[in-house]
2 protein chains.
Amino acid sequence: MSAAKAATVGTGNGRQAILDSALRNMNERGYHGTSMRDIARDADITVASIYHHFKSKQEILQDIMTRALHDAIAMTRGALLRAGGSPDAQLQALVRAWVMFHTTRQLDALVGATELRSLNEAGRRLVVALRDEQEGLFRDVVERGVEEGAFEVEFPRDAVRGIINMGQSVCTWWRSDGPLRAEELADRYADLALAMVQHRPRRVGAPVS
Amino acid sequence: MSAAKAATVGTGNGRQAILDSALRNMNERGYHGTSMRDIARDADITVASIYHHFKSKQEILQDIMTRALHDAIAMTRGALLRAGGSPDAQLQALVRAWVMFHTTRQLDALVGATELRSLNEAGRRLVVALRDEQEGLFRDVVERGVEEGAFEVEFPRDAVRGIINMGQSVCTWWRSDGPLRAEELADRYADLALAMVQHRPRRVGAPVS
DNA sequence: GTTGACACCGAACGCTCGTTCGGTGACTCT
DNA sequence: AGAGTCACCGAACGAGCGTTCGGTGTCAAC
């Protein structure tokens, strides 16, 4: 009777299949528009079984969002370490990694952008703290660039917010089957970011100050 | 018995009070997280009465979203007409109006950004068409600026998307009681936009090309 | 002084929601 | 052989959902 029991839809087994299913569903109809029965169906599992892995629907959302944010921070931090020491190379690396995250992890990013309000107080605090950490990564690089004279922007904080938001929004419109590959887009947005902080091109040997 | 019947919470009477209440509620918990009973309570009305003004919950959302988009297009179009003929003045005017919309009409913008997925097929088509119209306004200005040599940007379409998205995101973080007044923010973002399209400053008399 | 439009309402319809309960079978350790 | 853990399940709980029905009172028109 246990014929076609093997995982047909779920990507992993158990916990991971639930997370994947929840992510897909919440991406389409949001947290409140997704029922535990929806999640169970797509994960090839019963509703009761979900509660073996998660203590509530809320916990599933928190898991998805904090995991995604941790990964985003890890990706951008890694890119920053691999970049050289110059502020422009660092900003470029950050933006590229940021855009790559929002294309390769589009569903996570979309849910993360939409469902802050669906988190309970504790979850929201955690997520906000992680976002601040992420923003700090960008801010440090831009502020150092301004100090060193590599960038020339009157309001670095606003520029940083603009850069972060514009990269974040990528997850709302980019399509993997669209005309623009993720890497291309990342390069273009990195250039836009450099323009926003008025980076002085390296090749022109104009002396600083 | 009809003592304190006067509108205490609802802003307008009837239809408008319902729209206001729905907007506030959906802003906090989204479309699916908002019940007709929630809307009725905040509008000081009964659930049944809502159905005298709207034929469904879906129609309320569509009304909110299309109305907001129409207003956004009207505001930016008006600003464009009032701006001079130069591409940089026009882009500046567009971005200022765009940011002003996303601060003064923050709740509409937030719901508009979040609830595309909650619209039915017909509503979604309408909204997408209006968004395209809005994007066209920006694209035309930037493309003309490039043609005339006022802007120098390799990928105008991506720059336009970046500009639009960064302005749109304002509604997710700006607070009316925060440190930055809407007008200041609008000015700063207009400058960022000009930097993104590599506008050549007017004051420096560098000859073009 | 009847008519009809209007704005509104209480109560109910069938349905779905998140969560819980009391299991069951497979597997490992001793 | 027995105990314990693990992953899973069917069925049910009370609550809340969007929507509909059959009204009620007010007011202007005729």
# chains A, B, ... in the order shown; residues from 1 in each chain; ligands from 1

$ interface_residues --of "chain C" --to "chain B" --cutoff "10 Å" --atoms "only C-alpha atoms (C1' of nucleotides)" --output "PyMOL selection string"
chain C and resi 6-10

$ write_last_selection --atoms "C-alpha atoms (C1' of nucleotides)" --output "compact mmCIF listing (two decimals), in the first residue's frame"
# COMPACT_ATOMS: atom_id res chain seq x y z
C1' DC C 6 -31.30 55.03 0.13
C1' DA C 7 -28.29 53.72 4.01
C1' DC C 8 -28.15 50.67 7.19
C1' DC C 9 -28.67 46.41 10.23
C1' DG C 10 -29.04 41.34 13.05

$ residues_around --residues "range 172-185 of chain A" --least-positions-apart "3" --cutoff "9 Å" --atoms "only C-alpha atoms (C1' of nucleotides)" --output "JSON, numbers by chain"
{"A": [96, 99, 100, 102, 103, 104, 106, 109, 110, 168, 169, 188, 189, 190], "B": [158]}

$ residues_around --residues "range 3-20 of chain D" --least-positions-apart "4" --cutoff "9 Å" --atoms "only C-alpha atoms (C1' of nucleotides)" --output "ChimeraX atom specification"
/A:14,45-49,52 /B:35-36,48,51,56-57 /C:12-13,15-17,19-21,23-24,26-30

$ interface_residues --of "chain A" --to "chain B" --cutoff "6 Å" --atoms "only C-alpha atoms" --output "mmCIF file with C-alpha atoms, in the first residue's frame"
data_model
loop_
_atom_site.group_PDB
_atom_site.id
_atom_site.type_symbol
_atom_site.label_atom_id
_atom_site.label_comp_id
_atom_site.auth_asym_id
_atom_site.auth_seq_id
_atom_site.Cartn_x
_atom_site.Cartn_y
_atom_site.Cartn_z
ATOM 1 C CA HIS A 32 -2.322 34.972 6.161
ATOM 2 C CA GLY A 33 -3.419 33.737 2.755
ATOM 3 C CA GLY A 162 18.637 53.936 -1.909
ATOM 4 C CA ASN A 165 16.284 49.303 -1.528
ATOM 5 C CA MET A 166 16.892 49.328 -5.227
ATOM 6 C CA LEU A 192 24.540 52.493 -10.557
ATOM 7 C CA ALA A 195 27.340 56.558 -9.609
ATOM 8 C CA MET A 196 25.083 57.263 -6.638
#

$ residues_around --residues "DC30 in chain D" --least-positions-apart "4" --cutoff "12 Å" --atoms "only C-alpha atoms (C1' of nucleotides)" --output "list in words"
DG1, DT2, DT3 and DG4 of chain C

$ atom_distance --atom1 "CA of Arg125 in chain A" --atom2 "CA of Met65 in chain A"
12.0 Å

$ residues_around --residues "range 16-23 of chain A" --least-positions-apart "3" --cutoff "8 Å" --atoms "only C-alpha atoms (C1' of nucleotides)" --output "JSON, numbers by chain"
{"A": [10, 11, 12, 13, 26, 27, 34, 39, 40, 42, 43, 50, 60, 64, 107, 108, 111]}
